[in-house]
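Shown next: structure-v6.pdb, containing PDB, C-alpha atoms.
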ATOM      1  CA  MET D   1      11.741  28.845  17.474
ATOM      2  CA  ILE D   2      12.516  31.361  14.748
ATOM      3  CA  LEU D   3      16.204  32.226  14.532
ATOM      4  CA  SER D   4      15.655  35.977  14.295
ATOM      5  CA  ASP D   5      13.908  35.814  17.727
ATOM      6  CA  LEU D   6      17.176  34.459  19.094
ATOM      7  CA  LEU D   7      19.720  36.670  17.325
ATOM      8  CA  GLY D   8      20.547  39.776  19.330
ATOM      9  CA  SER D   9      18.971  38.357  22.514
ATOM     10  CA  GLU D  10      20.622  39.197  25.833
ATOM     11  CA  VAL D  11      22.708  36.396  27.282
ATOM     12  CA  ARG D  12      22.869  36.209  31.070
ATOM     13  CA  ASP D  13      24.698  33.871  33.408
ATOM     14  CA  ALA D  14      23.012  31.947  36.234
ATOM     15  CA  GLN D  15      23.501  34.934  38.570
ATOM     16  CA  GLY D  16      21.671  37.226  36.166
ATOM     17  CA  GLN D  17      24.772  39.099  34.997
ATOM     18  CA  LYS D  18      24.717  40.081  31.326
ATOM     19  CA  VAL D  19      27.561  38.388  29.441
ATOM     20  CA  GLY D  20      26.737  39.544  25.923
ATOM     21  CA  LEU D  21      24.305  39.237  23.036
ATOM     22  CA  VAL D  22      23.578  36.340  20.708
ATOM     23  CA  ALA D  23      25.708  37.026  17.630
ATOM     24  CA  ASP D  24      25.086  33.809  15.695
ATOM     25  CA  ALA D  25      23.944  30.206  16.030
ATOM     26  CA  ARG D  26      26.322  27.390  15.118
ATOM     27  CA  PHE D  27      25.262  24.061  13.641
ATOM     28  CA  ALA D  28      27.033  20.871  12.553
ATOM     29  CA  LEU D  29      25.838  18.685   9.704
ATOM     30  CA  ASN D  30      25.954  15.456  11.684
ATOM     31  CA  GLY D  31      22.270  14.699  12.269
ATOM     32  CA  PRO D  32      20.224  11.941  10.653
ATOM     33  CA  VAL D  33      19.735  12.015   6.883
ATOM     34  CA  ARG D  34      16.007  12.165   6.087
ATOM     35  CA  GLY D  35      15.426  11.161   2.482
ATOM     36  CA  SER D  36      17.681  10.066  -0.354
ATOM     37  CA  GLY D  37      20.044  12.733  -1.587
ATOM     38  CA  SER D  38      19.347  14.913   1.409
ATOM     39  CA  VAL D  39      22.087  16.658   3.361
ATOM     40  CA  ALA D  40      22.638  15.477   6.951
ATOM     41  CA  GLY D  41      20.527  17.044   9.678
ATOM     42  CA  ALA D  42      21.871  20.325  11.081
ATOM     43  CA  ARG D  43      22.332  19.895  14.820
ATOM     44  CA  MET D  44      22.832  22.989  16.956
ATOM     45  CA  ILE D  45      26.285  23.089  18.579
ATOM     46  CA  GLY D  46      25.715  26.302  20.480
ATOM     47  CA  LEU D  47      25.516  30.064  20.286
ATOM     48  CA  VAL D  48      28.161  32.631  19.450
ATOM     49  CA  VAL D  49      27.974  35.385  22.057
ATOM     50  CA  GLY D  50      29.474  38.796  21.428
ATOM     51  CA  ARG D  51      29.314  42.412  22.495
ATOM     52  CA  HIS D  52      27.461  43.651  19.417
ATOM     53  CA  GLY D  53      24.821  41.025  18.791
ATOM     54  CA  ALA D  54      23.908  39.703  15.360
ATOM     55  CA  SER D  55      25.925  41.299  12.618
ATOM     56  CA  ARG D  56      27.717  40.403   9.445
ATOM     57  CA  ARG D  57      31.336  39.635  10.151
ATOM     58  CA  MET D  58      32.139  39.208   6.458
ATOM     59  CA  GLY D  59      33.842  35.852   7.009
ATOM     60  CA  TYR D  60      36.534  37.171   9.347
ATOM     61  CA  GLU D  61      35.383  34.735  12.010
ATOM     62  CA  ARG D  62      37.280  32.145   9.989
ATOM     63  CA  ARG D  63      40.692  31.506  11.495
ATOM     64  CA  ASP D  64      42.537  31.625   8.167
ATOM     65  CA  VAL D  65      40.936  34.825   6.799
ATOM     66  CA  ASN D  66      43.207  37.751   7.707
ATOM     67  CA  ARG D  67      43.478  39.905   4.579
ATOM     68  CA  PRO D  68      43.301  42.738   3.822
ATOM     69  CA  TRP D  69      45.178  43.281   7.052
ATOM     70  CA  PRO D  70      43.561  46.601   8.132
ATOM     71  CA  LEU D  71      40.045  45.234   7.731
ATOM     72  CA  ALA D  72      40.935  42.048   9.593
ATOM     73  CA  GLN D  73      42.345  44.152  12.448
ATOM     74  CA  ILE D  74      39.276  46.394  12.658
ATOM     75  CA  LEU D  75      36.790  43.531  12.589
ATOM     76  CA  GLY D  76      38.954  41.414  14.901
ATOM     77  CA  ARG D  77      39.004  44.246  17.440
ATOM     78  CA  ARG D  78      35.260  44.710  17.080
ATOM     79  CA  ASP D  79      34.629  41.023  17.808
ATOM     80  CA  ARG D  80      37.159  40.760  20.619
ATOM     81  CA  GLY D  81      35.661  38.943  23.575
ATOM     82  CA  SER D  82      33.233  36.884  21.465
ATOM     83  CA  PHE D  83      32.895  33.297  22.580
ATOM     84  CA  LEU D  84      31.011  30.128  21.783
ATOM     85  CA  VAL D  85      28.724  28.658  24.413
ATOM     86  CA  LEU D  86      27.774  25.044  23.829
ATOM     87  CA  TRP D  87      24.227  23.689  23.864
ATOM     88  CA  PRO D  88      24.589  21.786  27.206
ATOM     89  CA  ASP D  89      25.533  25.093  28.890
ATOM     90  CA  ILE D  90      22.257  26.770  27.877
ATOM     91  CA  GLU D  91      19.693  26.675  30.674
ATOM     92  CA  SER D  92      16.704  28.416  29.105
ATOM     93  CA  VAL D  93      15.720  30.367  26.027
ATOM     94  CA  ARG D  94      12.930  32.784  25.309
ATOM     95  CA  PRO D  95      12.726  35.553  22.708
ATOM     96  CA  GLY D  96      15.050  38.309  23.880
ATOM     97  CA  GLN D  97      16.801  36.363  26.609
ATOM     98  CA  VAL D  98      19.105  33.361  26.965
ATOM     99  CA  VAL D  99      20.211  32.137  30.400
ATOM    100  CA  LEU D 100      23.371  30.050  30.795
ATOM    101  CA  ARG D 101      24.017  27.371  33.397
ATOM    102  CA  ASN D 102      26.196  27.914  36.414
ATOM    103  CA  GLY D 103      29.861  27.342  35.514
ATOM    104  CA  PHE D 104      29.387  27.565  31.745
ATOM    105  CA  THR D 105      32.517  27.435  29.576
ATOM    106  CA  ARG D 106      33.595  30.104  27.066
ATOM    107  CA  HIS D 107      34.970  28.395  23.961
ATOM    108  CA  ASP D 108      36.886  29.995  21.113
ATOM    109  CA  ALA D 109      34.278  31.243  18.616
ATOM    110  CA  SER D 110      36.495  31.255  15.524
ATOM    111  CA  LEU D 111      35.771  28.799  12.760
TER     112      LEU D 111
ATOM    113  CA  MET T   1      34.042  22.407  19.411
ATOM    114  CA  ASN T   2      31.948  19.971  21.461
ATOM    115  CA  GLU T   3      31.667  19.361  25.198
ATOM    116  CA  ASN T   4      34.841  17.230  25.067
ATOM    117  CA  GLY T   5      36.786  20.133  23.572
ATOM    118  CA  LYS T   6      36.956  18.447  20.162
ATOM    119  CA  ALA T   7      35.695  19.664  16.797
ATOM    120  CA  PRO T   8      32.223  18.211  16.101
ATOM    121  CA  ALA T   9      31.693  15.664  13.364
ATOM    122  CA  GLY T  10      30.345  17.063  10.104
ATOM    123  CA  LYS T  11      30.573  20.396   8.361
ATOM    124  CA  VAL T  12      30.167  23.339  10.740
ATOM    125  CA  LEU T  13      27.834  26.174   9.729
ATOM    126  CA  ASP T  14      27.157  29.543  11.284
ATOM    127  CA  ALA T  15      23.587  30.624  10.568
ATOM    128  CA  ILE T  16      24.360  34.188   9.498
ATOM    129  CA  LEU T  17      27.598  33.407   7.705
ATOM    130  CA  HIS T  18      26.571  30.284   5.805
ATOM    131  CA  LEU T  19      22.779  30.235   5.540
ATOM    132  CA  LEU T  20      20.867  33.500   5.852
ATOM    133  CA  ASP T  21      20.332  35.384   2.573
ATOM    134  CA  ARG T  22      21.779  32.500   0.561
ATOM    135  CA  GLN T  23      20.050  31.674  -2.700
ATOM    136  CA  ILE T  24      18.048  28.464  -2.889
ATOM    137  CA  LYS T  25      18.152  26.612  -6.209
ATOM    138  CA  ASP T  26      16.252  23.550  -7.336
ATOM    139  CA  THR T  27      17.619  20.490  -9.133
ATOM    140  CA  GLU T  28      17.495  22.318 -12.478
ATOM    141  CA  GLY T  29      19.405  25.330 -11.197
ATOM    142  CA  LEU T  30      16.329  27.580 -11.035
ATOM    143  CA  VAL T  31      16.438  30.153  -8.272
ATOM    144  CA  VAL T  32      13.597  29.403  -5.850
ATOM    145  CA  SER T  33      14.118  32.130  -3.275
ATOM    146  CA  VAL T  34      16.608  33.272  -0.662
ATOM    147  CA  VAL T  35      16.780  32.163   2.958
ATOM    148  CA  ASP T  36      15.077  34.875   5.018
ATOM    149  CA  ASP T  37      15.048  33.049   8.328
ATOM    150  CA  LEU T  38      15.460  29.634   9.928
ATOM    151  CA  GLU T  39      13.287  27.539  12.213
ATOM    152  CA  ILE T  40      14.902  25.536  15.012
ATOM    153  CA  SER T  41      13.360  22.797  17.189
ATOM    154  CA  LEU T  42      14.165  24.803  20.312
ATOM    155  CA  PRO T  43      11.499  25.537  22.940
ATOM    156  CA  ASP T  44      11.239  29.300  23.384
ATOM    157  CA  ASP T  45       8.959  29.464  26.422
ATOM    158  CA  GLY T  46      11.772  30.046  28.920
ATOM    159  CA  ARG T  47      11.448  26.591  30.545
ATOM    160  CA  THR T  48      14.602  25.063  32.058
ATOM    161  CA  LEU T  49      16.231  22.861  29.464
ATOM    162  CA  ASP T  50      17.490  19.385  30.293
ATOM    163  CA  ALA T  51      21.314  19.417  30.102
ATOM    164  CA  ASP T  52      21.299  15.872  28.707
ATOM    165  CA  ALA T  53      18.597  16.545  26.109
ATOM    166  CA  GLU T  54      19.332  16.135  22.414
ATOM    167  CA  ALA T  55      20.557  19.358  20.817
ATOM    168  CA  PRO T  56      17.916  21.164  18.745
ATOM    169  CA  MET T  57      17.842  20.640  14.996
ATOM    170  CA  LEU T  58      17.394  23.089  12.172
ATOM    171  CA  THR T  59      13.968  22.118  10.853
ATOM    172  CA  ASN T  60      12.950  24.581   8.118
ATOM    173  CA  LEU T  61      14.236  27.314   5.844
ATOM    174  CA  LEU T  62      11.828  30.258   5.953
ATOM    175  CA  MET T  63      10.992  32.619   3.122
ATOM    176  CA  GLY T  64       8.553  35.457   3.206
ATOM    177  CA  PRO T  65       7.681  39.119   2.882
ATOM    178  CA  THR T  66      10.679  40.545   4.708
ATOM    179  CA  LEU T  67      11.404  43.659   2.625
ATOM    180  CA  ALA T  68       9.198  45.993   4.668
ATOM    181  CA  THR T  69      10.345  44.605   8.010
ATOM    182  CA  ARG T  70      13.989  44.965   7.016
ATOM    183  CA  LEU T  71      13.401  48.620   6.165
ATOM    184  CA  PHE T  72      11.153  49.525   9.077
ATOM    185  CA  GLY T  73      12.030  46.911  11.722
ATOM    186  CA  GLY T  74      10.145  44.042  13.288
ATOM    187  CA  GLN T  75       9.497  40.770  11.545
ATOM    188  CA  PRO T  76       6.610  39.176   9.678
ATOM    189  CA  PRO T  77       4.454  36.805  11.732
ATOM    190  CA  PRO T  78       5.787  33.226  11.509
ATOM    191  CA  GLU T  79       2.521  31.994   9.936
ATOM    192  CA  ARG T  80       3.108  34.331   6.959
ATOM    193  CA  MET T  81       6.474  32.713   6.246
ATOM    194  CA  MET T  82       6.776  29.875   3.754
ATOM    195  CA  ARG T  83       8.764  26.827   4.736
ATOM    196  CA  ILE T  84      11.101  24.422   2.979
ATOM    197  CA  PRO T  85      12.060  21.462   5.200
ATOM    198  CA  TRP T  86      15.789  21.086   5.826
ATOM    199  CA  SER T  87      15.445  17.493   4.593
ATOM    200  CA  ASP T  88      14.765  18.913   1.091
ATOM    201  CA  VAL T  89      18.262  20.430   0.982
ATOM    202  CA  ALA T  90      20.742  18.379  -1.019
ATOM    203  CA  ARG T  91      23.878  20.515  -0.734
ATOM    204  CA  VAL T  92      25.080  23.522   1.230
ATOM    205  CA  GLY T  93      27.615  25.675  -0.541
ATOM    206  CA  THR T  94      27.610  29.235  -1.805
ATOM    207  CA  VAL T  95      23.978  28.459  -2.656
ATOM    208  CA  LEU T  96      21.621  25.911  -1.103
ATOM    209  CA  GLU T  97      20.655  23.241  -3.603
ATOM    210  CA  LEU T  98      17.391  21.369  -3.195
ATOM    211  CA  ARG T  99      16.873  17.706  -4.066
ATOM    212  CA  ASN T 100      13.599  18.358  -5.887
ATOM    213  CA  ARG T 101      12.135  20.689  -8.506
ATOM    214  CA  ALA T 102      10.820  24.109  -7.592
ATOM    215  CA  GLU T 103       7.521  23.522  -9.424
ATOM    216  CA  GLY T 104       5.742  21.958  -6.477
ATOM    217  CA  LEU T 105       7.029  24.319  -3.838
ATOM    218  CA  PRO T 106       4.646  26.855  -2.301
ATOM    219  CA  VAL T 107       7.334  29.562  -2.319
ATOM    220  CA  ARG T 108       6.810  30.194  -6.029
ATOM    221  CA  TRP T 109       3.066  30.897  -5.868
ATOM    222  CA  VAL T 110       3.532  34.624  -6.648
ATOM    223  CA  GLU T 111       5.458  33.733  -9.777
ATOM    224  CA  HIS T 112       2.836  31.144 -10.767
ATOM    225  CA  TRP T 113       0.002  33.597 -10.165
ATOM    226  CA  LEU T 114       1.699  36.265 -12.315
ATOM    227  CA  ARG T 115       2.327  33.682 -15.046
ATOM    228  CA  ASP T 116      -1.285  32.503 -15.101
ATOM    229  CA  HIS T 117      -3.068  35.821 -14.598
ATOM    230  CA  VAL T 118      -0.805  38.465 -16.148
ATOM    231  CA  ILE T 119       1.810  37.034 -18.518
ATOM    232  CA  ALA T 120      -0.650  34.561 -20.069
ATOM    233  CA  ARG T 121      -2.937  37.475 -21.131
ATOM    234  CA  ILE T 122      -0.164  39.215 -23.070
ATOM    235  CA  PRO T 123      -0.146  38.193 -26.765
ATOM    236  CA  GLY T 124       2.610  35.591 -27.156
ATOM    237  CA  GLY T 125       2.795  35.090 -23.421
ATOM    238  CA  ARG T 126       1.785  31.439 -23.568
ATOM    239  CA  HIS T 127       4.737  30.096 -25.550
ATOM    240  CA  ASP T 128       8.507  30.406 -25.901
ATOM    241  CA  PRO T 129       9.826  33.147 -28.214
ATOM    242  CA  GLU T 130      10.245  32.012 -31.831
TER     243      GLU T 130
END
Output the file's structure as structure tokens, nothing else.
Amino acid sequence: MILSDLLGSEVRDAQGQKVGLVADARFALNGPVRGSGSVAGARMIGLVVGRHGASRRMGYERRDVNRPWPLAQILGRRDRGSFLVLWPDIESVRPGQVVLRNGFTRHDASL
Amino acid sequence: MNENGKAPAGKVLDAILHLLDRQIKDTEGLVVSVVDDLEISLPDDGRTLDADAEAPMLTNLLMGPTLATRLFGGQPPPERMMRIPWSDVARVGTVLELRNRAEGLPVRWVEHWLRDHVIARIPGGRHDPE
């Protein structure tokens, strides 16, 4: 799947209620290393779900980035309610729509 | 964060924040391209995914003619995009460094074509400046 087909897709829970839009995809470099000198494989942890879909957050999703204060406040308010949904909680994916499993967990999306 | 509530092993990357639009450089520091998109080993046909299945992997960096689609919307067809396998990436930082030289990569064919068909026809275009 191409990432840009996923970004901005509607995210719905098992009952069909919209819970947000795909804002980003999160990976961890903990997969197998294929070839000498290669970086570890990037395994998908889950999706960041927010109200506004895919957008540049200018690094303010990092926990320790909070200056300049006014900008941090504005962007923090804009991203309020964003959460991380882990891979095992994703039931199905197609371009434009992601469905989550019943009883999915909302994790803190900050880095 | 993983399913046990713990931070996952390995460096954590957000696709937009850490990868998209980043420069790609080869082993000699030559700029190859920028990351226009990513390819993931995730089925996109809407089938129900197995909760115990292995998480999808990032398989390829995609580069292609995205200027027009960024201005006017949409996206180029996937077959028009050029791919660099993730296994060719040696380091992820402010730029993505490859573990091989750019010479053999298909992403530089425009540059090679211009070199061979345009620059080479200009007097002095076949050697370094003296």
Identify every residue of chain D that has at least one atom within 8 Å of any atom of chain T, counting all atoms listed in the file, and report the result as an mmCIF file with C-alpha atoms, in the coordinates of the input.
data_model
loop_
_atom_site.group_PDB
_atom_site.id
_atom_site.type_symbol
_atom_site.label_atom_id
_atom_site.label_comp_id
_atom_site.auth_asym_id
_atom_site.auth_seq_id
_atom_site.Cartn_x
_atom_site.Cartn_y
_atom_site.Cartn_z
ATOM 1 C CA MET D 1 11.741 28.845 17.474
ATOM 2 C CA ILE D 2 12.516 31.361 14.748
ATOM 3 C CA LEU D 3 16.204 32.226 14.532
ATOM 4 C CA SER D 4 15.655 35.977 14.295
ATOM 5 C CA ASP D 24 25.086 33.809 15.695
ATOM 6 C CA ALA D 25 23.944 30.206 16.030
ATOM 7 C CA ARG D 26 26.322 27.390 15.118
ATOM 8 C CA PHE D 27 25.262 24.061 13.641
ATOM 9 C CA ALA D 28 27.033 20.871 12.553
ATOM 10 C CA LEU D 29 25.838 18.685 9.704
ATOM 11 C CA ASN D 30 25.954 15.456 11.684
ATOM 12 C CA GLY D 31 22.270 14.699 12.269
ATOM 13 C CA VAL D 33 19.735 12.015 6.883
ATOM 14 C CA ARG D 34 16.007 12.165 6.087
ATOM 15 C CA GLY D 35 15.426 11.161 2.482
ATOM 16 C CA GLY D 37 20.044 12.733 -1.587
ATOM 17 C CA SER D 38 19.347 14.913 1.409
ATOM 18 C CA VAL D 39 22.087 16.658 3.361
ATOM 19 C CA ALA D 40 22.638 15.477 6.951
ATOM 20 C CA GLY D 41 20.527 17.044 9.678
ATOM 21 C CA ALA D 42 21.871 20.325 11.081
ATOM 22 C CA ARG D 43 22.332 19.895 14.820
ATOM 23 C CA MET D 44 22.832 22.989 16.956
ATOM 24 C CA ILE D 45 26.285 23.089 18.579
ATOM 25 C CA SER D 55 25.925 41.299 12.618
ATOM 26 C CA ARG D 56 27.717 40.403 9.445
ATOM 27 C CA ARG D 57 31.336 39.635 10.151
ATOM 28 C CA MET D 58 32.139 39.208 6.458
ATOM 29 C CA GLY D 59 33.842 35.852 7.009
ATOM 30 C CA LEU D 86 27.774 25.044 23.829
ATOM 31 C CA TRP D 87 24.227 23.689 23.864
ATOM 32 C CA PRO D 88 24.589 21.786 27.206
ATOM 33 C CA ASP D 89 25.533 25.093 28.890
ATOM 34 C CA ILE D 90 22.257 26.770 27.877
ATOM 35 C CA GLU D 91 19.693 26.675 30.674
ATOM 36 C CA SER D 92 16.704 28.416 29.105
ATOM 37 C CA VAL D 93 15.720 30.367 26.027
ATOM 38 C CA ARG D 94 12.930 32.784 25.309
ATOM 39 C CA PRO D 95 12.726 35.553 22.708
ATOM 40 C CA HIS D 107 34.970 28.395 23.961
#
Box in all listed atoms of range 9-28 of chain D, axis-aligned, with 6 Å more on each side; write out centre and edge lengths in Å to one decimal as AutoDock Vina command-line options.
--center_x 23.3 --center_y 30.5 --center_z 25.6 --size_x 20.6 --size_y 31.2 --size_z 38.0
| task | Give me, please, the distance in Å between CA of Gly124 in chain T and CA of Thr27 in chain T, quoted to one decimal. | result |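 Separation of CA of Gly124 in chain T and CA of Thr27 in chain T: 27.9 Å.
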Tell me, as number ranges by chain, which residues lie within 12 Å of Ser82 in chain D, counting all atoms listed in the file; anything in the same chain fewer than 6 positions away does not count. D: 19-24, 47-54, 57, 61, 75-76, 106-110
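Pairwise distance (CA of Gly46 in chain D, CA of Gln23 in chain T) equals 24.5 Å.
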Just how far from CA of Ala68 in chain T is CA of Trp113 in chain T, in Å to one decimal?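 We find that CA of Trp113 in chain T and CA of Ala68 in chain T lie 21.4 Å from each other.
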Using all atoms listed in the file, find the one residue out of T:Pro129, T:Pro77, T:Arg115, T:Val35 that sits nearest to Met63 in chain T.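 When distances to Met63 in chain T are compared using all atoms listed in the file, the smallest one comes from T:Val35.
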Could N, CA and C atoms be built for range 49-68 of chain T and written out as a PDB file, in the coordinates of the input?
ATOM      1  N   LEU T  49      15.919  23.931  30.406  1.00  0.00           N
ATOM      2  CA  LEU T  49      16.231  22.861  29.464  1.00  0.00           C
ATOM      3  C   LEU T  49      17.015  21.766  30.171  1.00  0.00           C
ATOM      4  N   ASP T  50      16.772  20.536  29.747  1.00  0.00           N
ATOM      5  CA  ASP T  50      17.490  19.385  30.293  1.00  0.00           C
ATOM      6  C   ASP T  50      18.902  19.381  29.700  1.00  0.00           C
ATOM      7  N   ALA T  51      19.916  19.363  30.566  1.00  0.00           N
ATOM      8  CA  ALA T  51      21.314  19.417  30.102  1.00  0.00           C
ATOM      9  C   ALA T  51      21.670  18.204  29.249  1.00  0.00           C
ATOM     10  N   ASP T  52      20.984  17.083  29.460  1.00  0.00           N
ATOM     11  CA  ASP T  52      21.299  15.872  28.707  1.00  0.00           C
ATOM     12  C   ASP T  52      20.399  15.694  27.482  1.00  0.00           C
ATOM     13  N   ALA T  53      19.529  16.676  27.241  1.00  0.00           N
ATOM     14  CA  ALA T  53      18.597  16.545  26.109  1.00  0.00           C
ATOM     15  C   ALA T  53      19.355  16.643  24.791  1.00  0.00           C
ATOM     16  N   GLU T  54      18.768  16.039  23.771  1.00  0.00           N
ATOM     17  CA  GLU T  54      19.332  16.135  22.414  1.00  0.00           C
ATOM     18  C   GLU T  54      19.389  17.601  21.996  1.00  0.00           C
ATOM     19  N   ALA T  55      20.448  17.979  21.302  1.00  0.00           N
ATOM     20  CA  ALA T  55      20.557  19.358  20.817  1.00  0.00           C
ATOM     21  C   ALA T  55      19.458  19.618  19.785  1.00  0.00           C
ATOM     22  N   PRO T  56      18.966  20.855  19.730  1.00  0.00           N
ATOM     23  CA  PRO T  56      17.916  21.164  18.745  1.00  0.00           C
ATOM     24  C   PRO T  56      18.431  21.033  17.312  1.00  0.00           C
ATOM     25  N   MET T  57      17.492  20.790  16.411  1.00  0.00           N
ATOM     26  CA  MET T  57      17.842  20.640  14.996  1.00  0.00           C
ATOM     27  C   MET T  57      17.263  21.807  14.205  1.00  0.00           C
ATOM     28  N   LEU T  58      17.922  22.095  13.109  1.00  0.00           N
ATOM     29  CA  LEU T  58      17.394  23.089  12.172  1.00  0.00           C
ATOM     30  C   LEU T  58      16.302  22.384  11.368  1.00  0.00           C
ATOM     31  N   THR T  59      15.077  22.859  11.463  1.00  0.00           N
ATOM     32  CA  THR T  59      13.968  22.118  10.853  1.00  0.00           C
ATOM     33  C   THR T  59      13.534  22.667   9.497  1.00  0.00           C
ATOM     34  N   ASN T  60      13.477  24.001   9.362  1.00  0.00           N
ATOM     35  CA  ASN T  60      12.950  24.581   8.118  1.00  0.00           C
ATOM     36  C   ASN T  60      13.728  25.823   7.709  1.00  0.00           C
ATOM     37  N   LEU T  61      13.798  26.022   6.389  1.00  0.00           N
ATOM     38  CA  LEU T  61      14.236  27.314   5.844  1.00  0.00           C
ATOM     39  C   LEU T  61      12.969  28.140   5.675  1.00  0.00           C
ATOM     40  N   LEU T  62      13.019  29.412   6.053  1.00  0.00           N
ATOM     41  CA  LEU T  62      11.828  30.258   5.953  1.00  0.00           C
ATOM     42  C   LEU T  62      12.034  31.339   4.899  1.00  0.00           C
ATOM     43  N   MET T  63      10.995  31.558   4.122  1.00  0.00           N
ATOM     44  CA  MET T  63      10.992  32.619   3.122  1.00  0.00           C
ATOM     45  C   MET T  63       9.718  33.419   3.293  1.00  0.00           C
ATOM     46  N   GLY T  64       9.787  34.699   3.061  1.00  0.00           N
ATOM     47  CA  GLY T  64       8.553  35.457   3.206  1.00  0.00           C
ATOM     48  C   GLY T  64       8.718  36.924   2.904  1.00  0.00           C
ATOM     49  N   PRO T  65       7.669  37.688   3.202  1.00  0.00           N
ATOM     50  CA  PRO T  65       7.681  39.119   2.882  1.00  0.00           C
ATOM     51  C   PRO T  65       8.502  39.908   3.897  1.00  0.00           C
ATOM     52  N   THR T  66       9.813  39.930   3.698  1.00  0.00           N
ATOM     53  CA  THR T  66      10.679  40.545   4.708  1.00  0.00           C
ATOM     54  C   THR T  66      11.197  41.928   4.302  1.00  0.00           C
ATOM     55  N   LEU T  67      10.850  42.373   3.085  1.00  0.00           N
ATOM     56  CA  LEU T  67      11.404  43.659   2.625  1.00  0.00           C
ATOM     57  C   LEU T  67      10.990  44.809   3.551  1.00  0.00           C
ATOM     58  N   ALA T  68       9.691  44.881   3.840  1.00  0.00           N
ATOM     59  CA  ALA T  68       9.198  45.993   4.668  1.00  0.00           C
ATOM     60  C   ALA T  68       9.769  45.925   6.080  1.00  0.00           C
TER      61      ALA T  68
END
